[in-house]
file work_8.txt (compact mmCIF, N, CA and C atoms)
# COMPACT_ATOMS: atom_id res chain seq x y z
N MET A 1 20.92 10.08 14.47
CA MET A 1 20.11 9.31 13.55
C MET A 1 19.39 10.18 12.54
N ALA A 2 19.65 11.47 12.54
CA ALA A 2 19.00 12.37 11.59
C ALA A 2 19.33 11.99 10.16
N ALA A 3 20.46 11.34 9.96
CA ALA A 3 20.86 10.95 8.62
C ALA A 3 19.84 10.01 7.99
N ALA A 4 19.21 9.13 8.78
CA ALA A 4 18.21 8.22 8.24
C ALA A 4 17.02 8.98 7.68
N CYS A 5 16.61 10.04 8.34
CA CYS A 5 15.50 10.86 7.85
C CYS A 5 15.91 11.62 6.59
N ALA A 6 17.13 12.09 6.56
CA ALA A 6 17.61 12.83 5.41
C ALA A 6 17.65 11.94 4.17
N GLU A 7 17.86 10.65 4.35
CA GLU A 7 17.89 9.73 3.22
C GLU A 7 16.53 9.62 2.55
N MET A 8 15.45 9.92 3.26
CA MET A 8 14.11 9.84 2.71
C MET A 8 13.80 11.03 1.81
N GLU A 9 14.57 12.09 1.93
CA GLU A 9 14.34 13.28 1.14
C GLU A 9 15.26 13.30 -0.06
N PRO A 10 14.80 13.79 -1.21
CA PRO A 10 15.68 13.95 -2.35
C PRO A 10 16.86 14.86 -1.98
N ALA A 11 17.99 14.66 -2.60
CA ALA A 11 19.24 15.30 -2.21
C ALA A 11 19.18 16.81 -2.11
N ALA A 12 18.54 17.50 -3.04
CA ALA A 12 18.58 18.95 -3.07
C ALA A 12 17.43 19.61 -2.31
N ALA A 13 16.60 18.84 -1.66
CA ALA A 13 15.43 19.42 -1.01
C ALA A 13 15.80 20.17 0.25
N GLU A 14 15.20 21.34 0.43
CA GLU A 14 15.35 22.12 1.65
C GLU A 14 13.98 22.30 2.26
N PRO A 15 13.88 22.44 3.58
CA PRO A 15 12.56 22.64 4.19
C PRO A 15 11.90 23.90 3.64
N PRO A 16 10.60 23.80 3.31
CA PRO A 16 9.90 24.95 2.74
C PRO A 16 9.48 25.93 3.81
N PRO A 17 9.16 27.15 3.43
CA PRO A 17 8.59 28.09 4.40
C PRO A 17 7.23 27.59 4.86
N ALA A 18 6.77 28.08 5.97
CA ALA A 18 5.50 27.64 6.54
C ALA A 18 4.34 28.01 5.62
N ALA A 19 3.38 27.12 5.51
CA ALA A 19 2.14 27.28 4.75
C ALA A 19 2.34 27.92 3.38
N PRO A 20 3.00 27.20 2.45
CA PRO A 20 3.15 27.73 1.09
C PRO A 20 1.80 27.73 0.38
N PRO A 21 1.66 28.52 -0.66
CA PRO A 21 0.39 28.50 -1.39
C PRO A 21 0.17 27.14 -2.04
N PRO A 22 -1.05 26.61 -2.01
CA PRO A 22 -1.30 25.31 -2.60
C PRO A 22 -1.21 25.35 -4.12
N ALA A 23 -0.93 24.19 -4.70
CA ALA A 23 -0.92 24.06 -6.15
C ALA A 23 -2.35 24.21 -6.65
N PRO A 24 -2.53 24.56 -7.92
CA PRO A 24 -3.88 24.80 -8.44
C PRO A 24 -4.86 23.66 -8.18
N GLY A 25 -4.43 22.40 -8.28
CA GLY A 25 -5.32 21.27 -8.07
C GLY A 25 -5.75 21.09 -6.63
N SER A 26 -4.98 21.60 -5.69
CA SER A 26 -5.31 21.40 -4.28
C SER A 26 -5.89 22.66 -3.63
N ALA A 27 -6.09 23.73 -4.38
CA ALA A 27 -6.56 25.00 -3.83
C ALA A 27 -7.92 24.87 -3.16
N GLU A 28 -8.80 24.02 -3.68
CA GLU A 28 -10.13 23.86 -3.09
C GLU A 28 -10.10 23.07 -1.78
N LEU A 29 -8.94 22.55 -1.40
CA LEU A 29 -8.81 21.77 -0.18
C LEU A 29 -8.27 22.58 0.99
N VAL A 30 -7.76 23.81 0.70
CA VAL A 30 -7.05 24.59 1.71
C VAL A 30 -7.79 25.90 1.98
N CYS A 31 -8.00 26.22 3.26
CA CYS A 31 -8.66 27.48 3.63
C CYS A 31 -7.63 28.62 3.64
N ALA A 32 -8.08 29.83 3.89
CA ALA A 32 -7.19 30.99 3.88
C ALA A 32 -6.10 30.89 4.94
N GLN A 33 -6.34 30.16 6.01
CA GLN A 33 -5.33 29.99 7.06
C GLN A 33 -4.38 28.83 6.77
N GLY A 34 -4.55 28.17 5.62
CA GLY A 34 -3.66 27.08 5.23
C GLY A 34 -4.05 25.72 5.80
N ARG A 35 -5.24 25.59 6.37
CA ARG A 35 -5.67 24.33 6.98
C ARG A 35 -6.59 23.57 6.03
N ASN A 36 -6.78 22.27 6.30
CA ASN A 36 -7.63 21.45 5.44
C ASN A 36 -9.10 21.81 5.61
N LEU A 37 -9.76 22.10 4.48
CA LEU A 37 -11.18 22.45 4.49
C LEU A 37 -12.07 21.21 4.62
N LYS A 38 -11.60 20.09 4.11
CA LYS A 38 -12.39 18.86 4.04
C LYS A 38 -11.77 17.78 4.91
N ALA A 39 -12.59 16.79 5.25
CA ALA A 39 -12.08 15.64 5.98
C ALA A 39 -11.14 14.85 5.07
N VAL A 40 -10.13 14.24 5.66
CA VAL A 40 -9.16 13.42 4.93
C VAL A 40 -9.53 11.96 5.17
N LEU A 41 -9.67 11.20 4.07
CA LEU A 41 -10.14 9.82 4.13
C LEU A 41 -9.15 8.87 3.47
N CYS A 42 -9.22 7.59 3.87
CA CYS A 42 -8.46 6.55 3.18
C CYS A 42 -9.03 6.37 1.78
N GLN A 43 -8.16 6.29 0.78
CA GLN A 43 -8.63 6.08 -0.59
C GLN A 43 -9.25 4.71 -0.79
N ARG A 44 -8.77 3.73 -0.06
CA ARG A 44 -9.23 2.35 -0.26
C ARG A 44 -10.56 2.09 0.45
N CYS A 45 -10.66 2.38 1.74
CA CYS A 45 -11.85 1.97 2.50
C CYS A 45 -12.74 3.14 2.94
N GLY A 46 -12.28 4.38 2.78
CA GLY A 46 -13.09 5.54 3.14
C GLY A 46 -13.04 5.89 4.61
N SER A 47 -12.21 5.24 5.38
CA SER A 47 -12.09 5.54 6.81
C SER A 47 -11.58 6.96 7.00
N ARG A 48 -12.11 7.67 7.99
CA ARG A 48 -11.73 9.05 8.24
C ARG A 48 -10.37 9.09 8.94
N VAL A 49 -9.41 9.80 8.34
CA VAL A 49 -8.06 9.93 8.89
C VAL A 49 -7.93 11.23 9.68
N LEU A 50 -8.46 12.32 9.15
CA LEU A 50 -8.38 13.63 9.79
C LEU A 50 -9.70 14.38 9.62
N LEU A 51 -10.08 15.12 10.64
CA LEU A 51 -11.25 16.00 10.55
C LEU A 51 -10.86 17.30 9.85
N PRO A 52 -11.81 18.05 9.29
CA PRO A 52 -11.50 19.36 8.70
C PRO A 52 -10.83 20.26 9.74
N GLY A 53 -9.80 21.00 9.31
CA GLY A 53 -9.09 21.94 10.17
C GLY A 53 -8.01 21.33 11.04
N ALA A 54 -7.77 20.02 10.93
CA ALA A 54 -6.82 19.34 11.81
C ALA A 54 -5.38 19.40 11.32
N ALA A 55 -5.15 19.84 10.09
CA ALA A 55 -3.80 19.82 9.53
C ALA A 55 -3.54 21.09 8.72
N THR A 56 -2.27 21.35 8.48
CA THR A 56 -1.84 22.51 7.72
C THR A 56 -1.20 22.04 6.41
N PHE A 57 -1.48 22.75 5.32
CA PHE A 57 -0.85 22.42 4.04
C PHE A 57 0.64 22.69 4.11
N ALA A 58 1.45 21.75 3.61
CA ALA A 58 2.90 21.92 3.57
C ALA A 58 3.44 21.34 2.27
N ARG A 59 4.47 21.96 1.76
CA ARG A 59 5.13 21.46 0.57
C ARG A 59 6.54 21.03 0.97
N ARG A 60 6.82 19.75 0.78
CA ARG A 60 8.13 19.18 1.11
C ARG A 60 8.30 17.91 0.29
N GLU A 61 9.43 17.75 -0.37
CA GLU A 61 9.67 16.54 -1.16
C GLU A 61 10.10 15.40 -0.25
N LEU A 62 9.33 14.32 -0.30
CA LEU A 62 9.64 13.13 0.48
C LEU A 62 9.50 11.90 -0.41
N GLN A 63 10.35 10.94 -0.21
CA GLN A 63 10.28 9.67 -0.93
C GLN A 63 9.47 8.69 -0.09
N LEU A 64 8.34 8.23 -0.64
CA LEU A 64 7.51 7.24 0.04
C LEU A 64 7.49 5.95 -0.76
N PRO A 65 7.53 4.79 -0.10
CA PRO A 65 7.41 3.52 -0.81
C PRO A 65 6.07 3.44 -1.54
N ALA A 66 5.98 2.56 -2.51
CA ALA A 66 4.72 2.36 -3.24
C ALA A 66 3.63 1.91 -2.28
N MET A 67 2.38 2.23 -2.60
CA MET A 67 1.25 1.86 -1.75
C MET A 67 1.09 0.34 -1.69
N ARG A 68 0.91 -0.17 -0.45
CA ARG A 68 0.66 -1.59 -0.22
C ARG A 68 0.23 -1.79 1.22
N ARG A 69 0.05 -3.03 1.61
CA ARG A 69 -0.38 -3.33 2.99
C ARG A 69 0.72 -3.03 3.98
N LYS A 70 0.34 -2.89 5.25
CA LYS A 70 1.24 -2.46 6.33
C LYS A 70 2.51 -3.29 6.42
N ALA A 71 2.42 -4.62 6.40
CA ALA A 71 3.60 -5.48 6.56
C ALA A 71 4.60 -5.24 5.43
N ALA A 72 4.12 -5.07 4.21
CA ALA A 72 5.00 -4.83 3.08
C ALA A 72 5.59 -3.43 3.13
N ALA A 73 4.82 -2.45 3.61
CA ALA A 73 5.32 -1.07 3.71
C ALA A 73 6.45 -0.99 4.73
N ALA A 74 6.32 -1.72 5.83
CA ALA A 74 7.34 -1.69 6.87
C ALA A 74 8.64 -2.31 6.40
N ALA A 75 8.55 -3.24 5.45
CA ALA A 75 9.75 -3.90 4.94
C ALA A 75 10.59 -2.95 4.09
N GLY A 76 9.96 -1.89 3.56
CA GLY A 76 10.68 -0.90 2.75
C GLY A 76 11.15 -1.54 1.45
N GLY A 77 12.20 -0.98 0.90
CA GLY A 77 12.76 -1.51 -0.34
C GLY A 77 11.84 -1.24 -1.51
N GLY A 78 12.23 -1.71 -2.67
CA GLY A 78 11.42 -1.55 -3.85
C GLY A 78 11.33 -0.10 -4.29
N GLY A 79 10.47 0.14 -5.28
CA GLY A 79 10.30 1.48 -5.80
C GLY A 79 9.45 2.33 -4.89
N GLY A 80 9.27 3.54 -5.31
CA GLY A 80 8.47 4.46 -4.52
C GLY A 80 8.16 5.69 -5.34
N ASP A 81 7.61 6.68 -4.67
CA ASP A 81 7.21 7.92 -5.31
C ASP A 81 7.76 9.10 -4.53
N VAL A 82 8.09 10.16 -5.25
CA VAL A 82 8.42 11.43 -4.59
C VAL A 82 7.12 12.20 -4.51
N VAL A 83 6.70 12.52 -3.29
CA VAL A 83 5.48 13.29 -3.08
C VAL A 83 5.85 14.66 -2.54
N ARG A 84 5.12 15.67 -2.98
CA ARG A 84 5.50 17.05 -2.67
C ARG A 84 4.48 17.80 -1.82
N GLU A 85 3.21 17.43 -1.87
CA GLU A 85 2.17 18.15 -1.14
C GLU A 85 1.62 17.28 -0.03
N HIS A 86 1.56 17.85 1.16
CA HIS A 86 1.19 17.08 2.34
C HIS A 86 0.27 17.88 3.25
N TRP A 87 -0.42 17.15 4.11
CA TRP A 87 -1.05 17.72 5.28
C TRP A 87 -0.07 17.51 6.42
N LEU A 88 0.32 18.58 7.08
CA LEU A 88 1.24 18.52 8.20
C LEU A 88 0.42 18.53 9.49
N VAL A 89 0.58 17.49 10.28
CA VAL A 89 -0.12 17.35 11.56
C VAL A 89 0.92 17.48 12.65
N ARG A 90 0.68 18.35 13.62
CA ARG A 90 1.65 18.62 14.69
C ARG A 90 1.43 17.77 15.94
N ASP A 91 0.28 17.12 16.06
CA ASP A 91 -0.02 16.33 17.26
C ASP A 91 -0.61 15.00 16.81
N MET A 92 0.02 13.90 17.19
CA MET A 92 -0.44 12.59 16.74
C MET A 92 -1.88 12.28 17.21
N PHE A 93 -2.33 12.96 18.26
CA PHE A 93 -3.69 12.74 18.75
C PHE A 93 -4.74 13.50 17.94
N SER A 94 -4.31 14.26 16.93
CA SER A 94 -5.24 14.91 16.02
C SER A 94 -5.82 13.94 15.00
N PHE A 95 -5.16 12.80 14.81
CA PHE A 95 -5.65 11.81 13.85
C PHE A 95 -6.90 11.13 14.39
N GLU A 96 -7.83 10.87 13.49
CA GLU A 96 -9.03 10.10 13.83
C GLU A 96 -8.74 8.61 13.73
N ASN A 97 -7.96 8.23 12.73
CA ASN A 97 -7.78 6.81 12.43
C ASN A 97 -6.53 6.62 11.60
N VAL A 98 -5.41 6.36 12.25
CA VAL A 98 -4.17 6.14 11.52
C VAL A 98 -3.34 5.11 12.29
N GLY A 99 -2.57 4.34 11.54
CA GLY A 99 -1.66 3.37 12.14
C GLY A 99 -0.24 3.72 11.74
N PHE A 100 0.71 3.15 12.44
CA PHE A 100 2.13 3.39 12.18
C PHE A 100 2.82 2.06 11.93
N THR A 101 3.74 2.04 10.98
CA THR A 101 4.55 0.84 10.75
C THR A 101 5.61 0.76 11.85
N ARG A 102 6.30 -0.35 11.88
CA ARG A 102 7.48 -0.45 12.74
C ARG A 102 8.52 0.51 12.20
N ASP A 103 9.53 0.79 13.02
CA ASP A 103 10.60 1.69 12.59
C ASP A 103 11.29 1.14 11.36
N VAL A 104 11.50 2.00 10.38
CA VAL A 104 12.30 1.69 9.21
C VAL A 104 13.44 2.69 9.27
N GLY A 105 14.56 2.27 9.89
CA GLY A 105 15.62 3.22 10.20
C GLY A 105 15.10 4.14 11.28
N ASN A 106 15.01 5.42 10.96
CA ASN A 106 14.54 6.41 11.92
C ASN A 106 13.19 6.99 11.50
N VAL A 107 12.44 6.21 10.72
CA VAL A 107 11.17 6.67 10.14
C VAL A 107 10.07 5.66 10.45
N LYS A 108 8.88 6.17 10.68
CA LYS A 108 7.67 5.35 10.72
C LYS A 108 6.77 5.84 9.60
N PHE A 109 6.15 4.92 8.88
CA PHE A 109 5.22 5.29 7.84
C PHE A 109 3.81 5.24 8.41
N LEU A 110 2.94 6.13 7.91
CA LEU A 110 1.55 6.20 8.34
C LEU A 110 0.71 5.35 7.40
N VAL A 111 -0.21 4.58 7.95
CA VAL A 111 -1.10 3.72 7.17
C VAL A 111 -2.53 3.90 7.70
N CYS A 112 -3.50 3.47 6.93
CA CYS A 112 -4.89 3.46 7.39
C CYS A 112 -5.01 2.43 8.50
N ALA A 113 -5.62 2.80 9.60
CA ALA A 113 -5.75 1.88 10.73
C ALA A 113 -6.80 0.79 10.47
N ASP A 114 -7.74 1.04 9.56
CA ASP A 114 -8.76 0.04 9.28
C ASP A 114 -8.33 -1.01 8.26
N CYS A 115 -7.85 -0.58 7.11
CA CYS A 115 -7.50 -1.54 6.06
C CYS A 115 -5.99 -1.71 5.88
N GLU A 116 -5.20 -0.94 6.60
CA GLU A 116 -3.74 -0.99 6.59
C GLU A 116 -3.12 -0.63 5.23
N ALA A 117 -3.87 0.08 4.38
CA ALA A 117 -3.32 0.55 3.12
C ALA A 117 -2.33 1.67 3.40
N GLY A 118 -1.25 1.68 2.66
CA GLY A 118 -0.29 2.75 2.85
C GLY A 118 1.04 2.42 2.21
N PRO A 119 2.01 3.22 2.44
CA PRO A 119 1.96 4.35 3.37
C PRO A 119 1.25 5.56 2.78
N ILE A 120 0.46 6.19 3.64
CA ILE A 120 -0.21 7.43 3.26
C ILE A 120 0.60 8.63 3.75
N GLY A 121 1.61 8.36 4.58
CA GLY A 121 2.40 9.45 5.11
C GLY A 121 3.67 8.97 5.78
N TRP A 122 4.30 9.89 6.50
CA TRP A 122 5.67 9.72 6.96
C TRP A 122 5.88 10.47 8.26
N HIS A 123 6.67 9.88 9.17
CA HIS A 123 7.02 10.54 10.43
C HIS A 123 8.46 10.18 10.77
N CYS A 124 9.31 11.21 10.93
CA CYS A 124 10.69 11.01 11.34
C CYS A 124 10.74 11.02 12.86
N LEU A 125 11.37 10.02 13.45
CA LEU A 125 11.41 9.90 14.91
C LEU A 125 12.22 11.01 15.57
N ASP A 126 13.06 11.72 14.80
CA ASP A 126 13.83 12.84 15.35
C ASP A 126 12.95 14.05 15.63
N ASP A 127 11.83 14.15 14.93
CA ASP A 127 10.93 15.29 15.08
C ASP A 127 9.58 14.77 15.57
N LYS A 128 9.35 14.81 16.85
CA LYS A 128 8.15 14.23 17.45
C LYS A 128 6.88 14.98 17.08
N ASP A 129 6.99 16.20 16.51
CA ASP A 129 5.82 17.03 16.25
C ASP A 129 5.50 17.22 14.77
N SER A 130 5.97 16.35 13.90
CA SER A 130 5.70 16.50 12.47
C SER A 130 5.29 15.16 11.86
N PHE A 131 4.04 15.12 11.42
CA PHE A 131 3.49 13.95 10.75
C PHE A 131 2.98 14.42 9.40
N TYR A 132 3.49 13.85 8.31
CA TYR A 132 3.14 14.27 6.96
C TYR A 132 2.20 13.25 6.32
N VAL A 133 1.05 13.72 5.80
CA VAL A 133 0.11 12.88 5.08
C VAL A 133 0.09 13.38 3.63
N ALA A 134 0.46 12.53 2.69
CA ALA A 134 0.54 12.92 1.28
C ALA A 134 -0.85 13.14 0.69
N LEU A 135 -1.07 14.32 0.12
CA LEU A 135 -2.37 14.63 -0.47
C LEU A 135 -2.77 13.64 -1.55
N GLU A 136 -1.82 13.20 -2.35
CA GLU A 136 -2.14 12.31 -3.46
C GLU A 136 -2.45 10.89 -3.02
N ARG A 137 -2.25 10.57 -1.74
CA ARG A 137 -2.49 9.22 -1.25
C ARG A 137 -3.73 9.11 -0.37
N VAL A 138 -4.50 10.18 -0.28
CA VAL A 138 -5.75 10.17 0.49
C VAL A 138 -6.87 10.81 -0.32
N ALA A 139 -8.11 10.59 0.12
CA ALA A 139 -9.27 11.21 -0.50
C ALA A 139 -9.77 12.31 0.43
N HIS A 140 -10.65 13.16 -0.09
CA HIS A 140 -11.19 14.28 0.70
C HIS A 140 -12.70 14.35 0.52
N GLU A 141 -13.40 14.69 1.60
CA GLU A 141 -14.87 14.85 1.50
C GLU A 141 -15.33 16.02 2.33

call {"tool": "encode", "arguments": {"input": "work_8.txt", "output": "structure tokens"}}
result
Amino acid sequence: MAAACAEMEPAAAEPPPAAPPPAPGSAELVCAQGRNLKAVLCQRCGSRVLLPGAATFARRELQLPAMRRKAAAAAGGGGGDVVREHWLVRDMFSFENVGFTRDVGNVKFLVCADCEAGPIGWHCLDDKDSFYVALERVAHE
């Protein structure tokens, strides 16, 4: 079922090396060890998704559906965005407040557990230890 996860990535994308340097706009969010300096929050309701230091900066091109409520995100289809900068979380229990959609092929999308806005991120069921939260889809404090 790895093919379903590969379909979410643009054709020419290859996995990046660990902890790439952040882009200029995100430099104030990443510490010297590549971890998040600030708490990660839902853009819509302000609910805390991750505590500071809970995730590592990663660069990987992923196709995410357009932002909407959980039921619509799980349905997939429609347009979407290619997102490149993420917080990589290795343990699902590191999240403070996140929900998961039903399986869409071999992928679950991450949504805010309080207001169900999303998808804010992506998880391939083939890799139990990788949860990606798109920087551009969350707020930081």

call {"tool": "closest_residue", "arguments": {"input": "work_8.txt", "among": "A:Pro65, A:Pro52, A:Gly79, A:Gly105", "to": "Gly121 (chain A)", "atoms": "only C-alpha atoms"}}
result
A:Pro65

call {"tool": "residues_near_point", "arguments": {"input": "work_8.txt", "point": "(-1.6, 0.7, 10.1)", "cutoff": "8 Å", "atoms": "all atoms listed in the file", "output": "ChimeraX atom specification"}}
result
/A:69-71,97-101,109-118

call {"tool": "residues_near_point", "arguments": {"input": "work_8.txt", "point": "(-7.7, 8.3, 12.6)", "cutoff": "6 Å", "atoms": "all atoms listed in the file", "output": "list in words"}}
result
Arg48, Val49, Leu50, Phe95, Glu96, Asn97 and Val98 of chain A

call {"tool": "closest_residue", "arguments": {"input": "work_8.txt", "among": "A:Lys38, A:Arg84, A:Lys108, A:His123", "to": "Arg60 (chain A)", "atoms": "only C-alpha atoms"}}
result
A:Arg84

call {"tool": "closest_residue", "arguments": {"input": "work_8.txt", "among": "A:Asp91, A:Glu136, A:Glu141, A:Asp129", "to": "Leu37 (chain A)", "atoms": "all atoms listed in the file"}}
result
A:Glu141

call {"tool": "atom_distance", "arguments": {"input": "work_8.txt", "atom1": "CA of Met67 (chain A)", "atom2": "CA of Phe93 (chain A)"}}
result
23.7 Å

call {"tool": "atom_distance", "arguments": {"input": "work_8.txt", "atom1": "atom C of Trp87 (chain A)", "atom2": "atom N of Ile120 (chain A)"}}
result
11.7 Å

call {"tool": "atom_distance", "arguments": {"input": "work_8.txt", "atom1": "atom C of Asp126 (chain A)", "atom2": "atom N of Gly80 (chain A)"}}
result
23.7 Å

call {"tool": "select_by_dssp", "arguments": {"input": "work_8.txt", "residues": "region 79-119 of chain A", "states": "strand (DSSP E or B)", "output": "ChimeraX atom specification"}}
result
/A:80-89,99-100,104,107-111,117-118

call {"tool": "closest_residue", "arguments": {"input": "work_8.txt", "among": "A:Cys124, A:Val30, A:Leu64, A:Val40", "to": "Val83 (chain A)", "atoms": "only C-alpha atoms"}}
result
A:Leu64

call {"tool": "closest_residue", "arguments": {"input": "work_8.txt", "among": "A:Leu125, A:Cys31, A:Val107, A:Val138", "to": "Phe57 (chain A)", "atoms": "only C-alpha atoms"}}
result
A:Cys31

call {"tool": "closest_residue", "arguments": {"input": "work_8.txt", "among": "A:Val82, A:Asp103, A:Asn36, A:Asp127", "to": "Gln63 (chain A)", "atoms": "only C-alpha atoms"}}
result
A:Val82

call {"tool": "build_atoms", "arguments": {"input": "work_8.txt", "residues": "region 29-38 of chain A", "atoms": "all heavy atoms", "output": "PDB file, keeping the file's coordinate frame"}}
result
ATOM      1  N   LEU A  29      -8.940  22.550  -1.400  1.00  0.00           N
ATOM      2  CA  LEU A  29      -8.810  21.770  -0.180  1.00  0.00           C
ATOM      3  C   LEU A  29      -8.270  22.580   0.990  1.00  0.00           C
ATOM      4  O   LEU A  29      -8.287  22.126   2.128  1.00  0.00           O
ATOM      5  CB  LEU A  29      -7.877  20.572  -0.411  1.00  0.00           C
ATOM      6  CG  LEU A  29      -8.290  19.588  -1.497  1.00  0.00           C
ATOM      7  CD1 LEU A  29      -7.194  18.542  -1.699  1.00  0.00           C
ATOM      8  CD2 LEU A  29      -9.614  18.930  -1.157  1.00  0.00           C
ATOM      9  N   VAL A  30      -7.760  23.810   0.700  1.00  0.00           N
ATOM     10  CA  VAL A  30      -7.050  24.590   1.710  1.00  0.00           C
ATOM     11  C   VAL A  30      -7.790  25.900   1.980  1.00  0.00           C
ATOM     12  O   VAL A  30      -8.132  26.624   1.054  1.00  0.00           O
ATOM     13  CB  VAL A  30      -5.610  24.891   1.223  1.00  0.00           C
ATOM     14  CG1 VAL A  30      -4.828  25.652   2.279  1.00  0.00           C
ATOM     15  CG2 VAL A  30      -4.889  23.602   0.857  1.00  0.00           C
ATOM     16  N   CYS A  31      -8.000  26.220   3.260  1.00  0.00           N
ATOM     17  CA  CYS A  31      -8.660  27.480   3.630  1.00  0.00           C
ATOM     18  C   CYS A  31      -7.630  28.620   3.640  1.00  0.00           C
ATOM     19  O   CYS A  31      -6.432  28.388   3.452  1.00  0.00           O
ATOM     20  CB  CYS A  31      -9.337  27.363   4.993  1.00  0.00           C
ATOM     21  SG  CYS A  31      -8.207  27.309   6.398  1.00  0.00           S
ATOM     22  N   ALA A  32      -8.080  29.830   3.890  1.00  0.00           N
ATOM     23  CA  ALA A  32      -7.190  30.990   3.880  1.00  0.00           C
ATOM     24  C   ALA A  32      -6.100  30.890   4.940  1.00  0.00           C
ATOM     25  O   ALA A  32      -5.020  31.458   4.780  1.00  0.00           O
ATOM     26  CB  ALA A  32      -8.016  32.267   4.103  1.00  0.00           C
ATOM     27  N   GLN A  33      -6.340  30.160   6.010  1.00  0.00           N
ATOM     28  CA  GLN A  33      -5.330  29.990   7.060  1.00  0.00           C
ATOM     29  C   GLN A  33      -4.380  28.830   6.770  1.00  0.00           C
ATOM     30  O   GLN A  33      -3.522  28.512   7.594  1.00  0.00           O
ATOM     31  CB  GLN A  33      -6.002  29.751   8.429  1.00  0.00           C
ATOM     32  CG  GLN A  33      -6.768  30.935   8.966  1.00  0.00           C
ATOM     33  CD  GLN A  33      -8.135  31.092   8.291  1.00  0.00           C
ATOM     34  OE1 GLN A  33      -8.753  30.122   7.867  1.00  0.00           O
ATOM     35  NE2 GLN A  33      -8.582  32.324   8.176  1.00  0.00           N
ATOM     36  N   GLY A  34      -4.550  28.170   5.620  1.00  0.00           N
ATOM     37  CA  GLY A  34      -3.660  27.080   5.230  1.00  0.00           C
ATOM     38  C   GLY A  34      -4.050  25.720   5.800  1.00  0.00           C
ATOM     39  O   GLY A  34      -3.282  24.771   5.698  1.00  0.00           O
ATOM     40  N   ARG A  35      -5.240  25.590   6.370  1.00  0.00           N
ATOM     41  CA  ARG A  35      -5.670  24.330   6.980  1.00  0.00           C
ATOM     42  C   ARG A  35      -6.590  23.570   6.030  1.00  0.00           C
ATOM     43  O   ARG A  35      -7.130  24.140   5.079  1.00  0.00           O
ATOM     44  CB  ARG A  35      -6.351  24.599   8.314  1.00  0.00           C
ATOM     45  CG  ARG A  35      -5.383  25.343   9.261  1.00  0.00           C
ATOM     46  CD  ARG A  35      -5.809  25.402  10.682  1.00  0.00           C
ATOM     47  NE  ARG A  35      -5.689  24.172  11.428  1.00  0.00           N
ATOM     48  CZ  ARG A  35      -4.553  23.639  11.866  1.00  0.00           C
ATOM     49  NH1 ARG A  35      -3.407  24.173  11.566  1.00  0.00           N
ATOM     50  NH2 ARG A  35      -4.559  22.549  12.592  1.00  0.00           N
ATOM     51  N   ASN A  36      -6.780  22.270   6.300  1.00  0.00           N
ATOM     52  CA  ASN A  36      -7.630  21.450   5.440  1.00  0.00           C
ATOM     53  C   ASN A  36      -9.100  21.810   5.610  1.00  0.00           C
ATOM     54  O   ASN A  36      -9.620  21.836   6.718  1.00  0.00           O
ATOM     55  CB  ASN A  36      -7.392  19.952   5.683  1.00  0.00           C
ATOM     56  CG  ASN A  36      -7.651  19.507   7.105  1.00  0.00           C
ATOM     57  OD1 ASN A  36      -7.190  20.129   8.055  1.00  0.00           O
ATOM     58  ND2 ASN A  36      -8.406  18.429   7.253  1.00  0.00           N
ATOM     59  N   LEU A  37      -9.760  22.100   4.480  1.00  0.00           N
ATOM     60  CA  LEU A  37     -11.180  22.450   4.490  1.00  0.00           C
ATOM     61  C   LEU A  37     -12.070  21.210   4.620  1.00  0.00           C
ATOM     62  O   LEU A  37     -13.176  21.287   5.133  1.00  0.00           O
ATOM     63  CB  LEU A  37     -11.557  23.167   3.196  1.00  0.00           C
ATOM     64  CG  LEU A  37     -11.202  24.642   3.105  1.00  0.00           C
ATOM     65  CD1 LEU A  37     -11.447  25.155   1.696  1.00  0.00           C
ATOM     66  CD2 LEU A  37     -12.015  25.436   4.105  1.00  0.00           C
ATOM     67  N   LYS A  38     -11.600  20.090   4.110  1.00  0.00           N
ATOM     68  CA  LYS A  38     -12.390  18.860   4.040  1.00  0.00           C
ATOM     69  C   LYS A  38     -11.770  17.780   4.910  1.00  0.00           C
ATOM     70  O   LYS A  38     -10.585  17.825   5.231  1.00  0.00           O
ATOM     71  CB  LYS A  38     -12.479  18.370   2.596  1.00  0.00           C
ATOM     72  CG  LYS A  38     -13.128  19.370   1.660  1.00  0.00           C
ATOM     73  CD  LYS A  38     -13.185  18.838   0.261  1.00  0.00           C
ATOM     74  CE  LYS A  38     -13.857  19.846  -0.659  1.00  0.00           C
ATOM     75  NZ  LYS A  38     -14.006  19.310  -2.015  1.00  0.00           N
TER      76      LYS A  38
END
